[in-house]
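Colleague: Starting off with a structure, shown below.
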Amino acid sequence: HDSFNSVNSKPVRKWVDVGQLDSLFARHGSLIDNSKAFLDLTSLGFDKVLGGGKMRGAISIKISQFSASAKHKIESAGGEVFSNEDPTK
(Lines give C-alpha, C1' and ligand atoms only; values in the text may rest on other atoms or scores of the structure.)
Protein backbone atom coordinates (compact mmCIF):
# COMPACT_ATOMS: atom_id res chain seq x y z
CA HIS A 1 0.00 0.00 0.00
CA ASP A 2 2.11 2.85 -1.31
CA SER A 3 -0.21 5.56 -0.03
CA PHE A 4 0.50 4.65 3.57
CA ASN A 5 4.26 4.25 3.24
CA SER A 6 5.04 7.04 0.83
CA VAL A 7 7.83 9.41 1.72
CA ASN A 8 5.78 12.25 0.22
CA SER A 9 2.61 11.57 2.18
CA LYS A 10 1.52 14.11 4.76
CA PRO A 11 0.56 12.86 8.22
CA VAL A 12 -3.18 12.63 8.78
CA ARG A 13 -4.03 14.67 11.85
CA LYS A 14 -7.79 15.06 11.42
CA TRP A 15 -10.10 12.79 9.48
CA VAL A 16 -13.81 12.28 8.92
CA ASP A 17 -15.93 9.30 7.88
CA VAL A 18 -18.29 9.38 4.92
CA GLY A 19 -21.17 8.83 7.35
CA GLN A 20 -20.49 12.24 8.93
CA LEU A 21 -20.57 14.26 5.69
CA ASP A 22 -24.35 14.88 5.72
CA SER A 23 -24.24 16.51 9.16
CA LEU A 24 -21.09 18.49 8.30
CA PHE A 25 -22.76 19.76 5.12
CA ALA A 26 -25.79 20.90 7.12
CA ARG A 27 -23.52 23.09 9.27
CA HIS A 28 -20.77 24.16 6.84
CA GLY A 29 -21.78 23.32 3.28
CA SER A 30 -22.75 25.55 0.38
CA LEU A 31 -24.42 25.28 -3.00
CA ILE A 32 -22.44 25.89 -6.20
CA ASP A 33 -23.18 25.82 -9.93
CA ASN A 34 -26.64 24.40 -10.49
CA SER A 35 -27.48 23.89 -6.83
CA LYS A 36 -24.74 21.27 -6.36
CA ALA A 37 -23.99 20.54 -2.70
CA PHE A 38 -20.35 21.34 -1.89
CA LEU A 39 -18.31 20.91 1.27
CA ASP A 40 -14.71 22.15 1.61
CA LEU A 41 -13.27 19.82 4.23
CA THR A 42 -9.77 21.25 3.79
CA SER A 43 -10.90 24.67 5.02
CA LEU A 44 -12.49 22.94 8.04
CA GLY A 45 -9.12 21.45 8.96
CA PHE A 46 -9.67 17.88 7.78
CA ASP A 47 -6.84 15.97 6.10
CA LYS A 48 -8.60 12.80 4.94
CA VAL A 49 -11.99 11.18 4.33
CA LEU A 50 -12.42 7.53 5.30
CA GLY A 51 -15.12 5.15 4.07
CA GLY A 52 -16.99 4.42 7.30
CA GLY A 53 -20.76 4.85 7.32
CA LYS A 54 -23.27 5.79 4.62
CA MET A 55 -24.24 9.04 2.91
CA ARG A 56 -27.84 10.11 2.33
CA GLY A 57 -27.23 12.92 -0.14
CA ALA A 58 -25.00 13.78 -3.08
CA ILE A 59 -22.23 16.03 -1.80
CA SER A 60 -19.12 17.09 -3.69
CA ILE A 61 -16.17 17.56 -1.39
CA LYS A 62 -12.71 19.13 -1.44
CA ILE A 63 -10.12 17.17 0.53
CA SER A 64 -6.41 16.42 0.07
CA GLN A 65 -6.56 12.70 0.92
CA PHE A 66 -9.27 10.05 0.74
CA SER A 67 -9.58 6.29 0.88
CA ALA A 68 -10.72 4.33 -2.16
CA SER A 69 -13.88 3.26 -0.34
CA ALA A 70 -14.70 6.86 0.61
CA LYS A 71 -14.32 8.00 -3.00
CA HIS A 72 -16.51 5.14 -4.19
CA LYS A 73 -19.28 5.94 -1.67
CA ILE A 74 -19.21 9.67 -2.45
CA GLU A 75 -19.39 9.08 -6.21
CA SER A 76 -22.06 6.35 -5.84
CA ALA A 77 -24.22 8.87 -3.95
CA GLY A 78 -23.85 11.32 -6.86
CA GLY A 79 -21.07 13.51 -5.44
CA GLU A 80 -17.52 14.21 -6.56
CA VAL A 81 -14.12 14.37 -4.86
CA PHE A 82 -11.86 17.34 -5.62
CA SER A 83 -8.36 16.83 -4.23
CA ASN A 84 -6.44 19.83 -5.60
CA GLU A 85 -8.71 22.12 -7.58
CA ASP A 86 -11.44 24.36 -6.21
CA PRO A 87 -14.73 23.73 -8.05
CA THR A 88 -16.18 27.05 -6.87
CA LYS A 89 -13.86 29.03 -9.19
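Residue names in the C-alpha coordinates use chain letters A, B, ... in the order shown, residue numbers from 1 in each chain, and ligand numbers from 1 in the order shown.
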Give me, as a list in words, all polymer residues having an atom no more than 6 Å from Lys62 in chain A, counting only C-alpha atoms and skipping those fewer than 2 positions away in the same chain.

Modeller: Asp40, Leu41, Phe82 and Ser83 of chain A

Colleague: Would you mind listing what lies within 10 Å of Leu21 in chain A as a ChimeraX atom specification, with only C-alpha atoms counted and same-chain residues fewer than 5 positions away left out?

Modeller: /A:16,26-29,39,41,49,53-61,74

Colleague: Report the residues of chain A whose backbone DSSP state falls under strand (DSSP E or B), written as a list in words.

Modeller: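 Filtering chain A to strand (DSSP E or B) leaves Trp15, Val16, Asp17, Ser30, Leu31, Ile32, Lys36, Ala37, Phe38, Leu39, Asp40, Lys48, Val49, Leu50, Ser60, Ile61, Lys62, Gln65, Phe66, Val81 and Phe82 of chain A.
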
Colleague: Between A:Pro11, A:Asp17, A:Ser43, A:Phe38, which one has atoms that come closest to Ser67 in chain A, using only C-alpha atoms?

Modeller: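 Selected residue with least distance to Ser67 in chain A: A:Asp17.
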
Colleague: Would you please work out which residue, of A:Gly51, A:Ile32, A:Glu80, A:Ser23, is nearest to Ala68 in chain A when using only C-alpha atoms?

Modeller: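 Comparing A:Gly51, A:Ile32, A:Glu80, A:Ser23 against Ala68 in chain A, the winner is A:Gly51.
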
Colleague: What are the DSSP helix (DSSP H, G or I) residues of chain A, as a list of chain:residue names?

Modeller: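 Residues meeting the helix (DSSP H, G or I) criterion: A:Asp2, A:Ser3, A:Phe4, A:Asn5, A:Val18, A:Gly19, A:Gln20, A:Leu21, A:Asp22, A:Ser23, A:Leu24, A:Phe25, A:Ala26, A:Arg27, A:His28, A:Ala68, A:Ser69, A:Ala70, A:Lys71, A:His72, A:Lys73, A:Ile74, A:Glu75, A:Ser76.
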
Colleague: By how many Å are CA of Arg13 in chain A and CA of Ala37 in chain A apart?

Modeller: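 We find that CA of Arg13 in chain A and CA of Ala37 in chain A lie 25.4 Å from each other.
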
Colleague: Can you measure CA of Ser64 in chain A to CA of Gly78 in chain A for me? One decimal in Å is fine.

Modeller: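 Separation between CA of Ser64 in chain A and CA of Gly78 in chain A: 19.4 Å.
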
Colleague: Between CA of Val18 in chain A and CA of Ser69 in chain A, measure the distance and give it in Å to one decimal.

Modeller: 9.2 Å
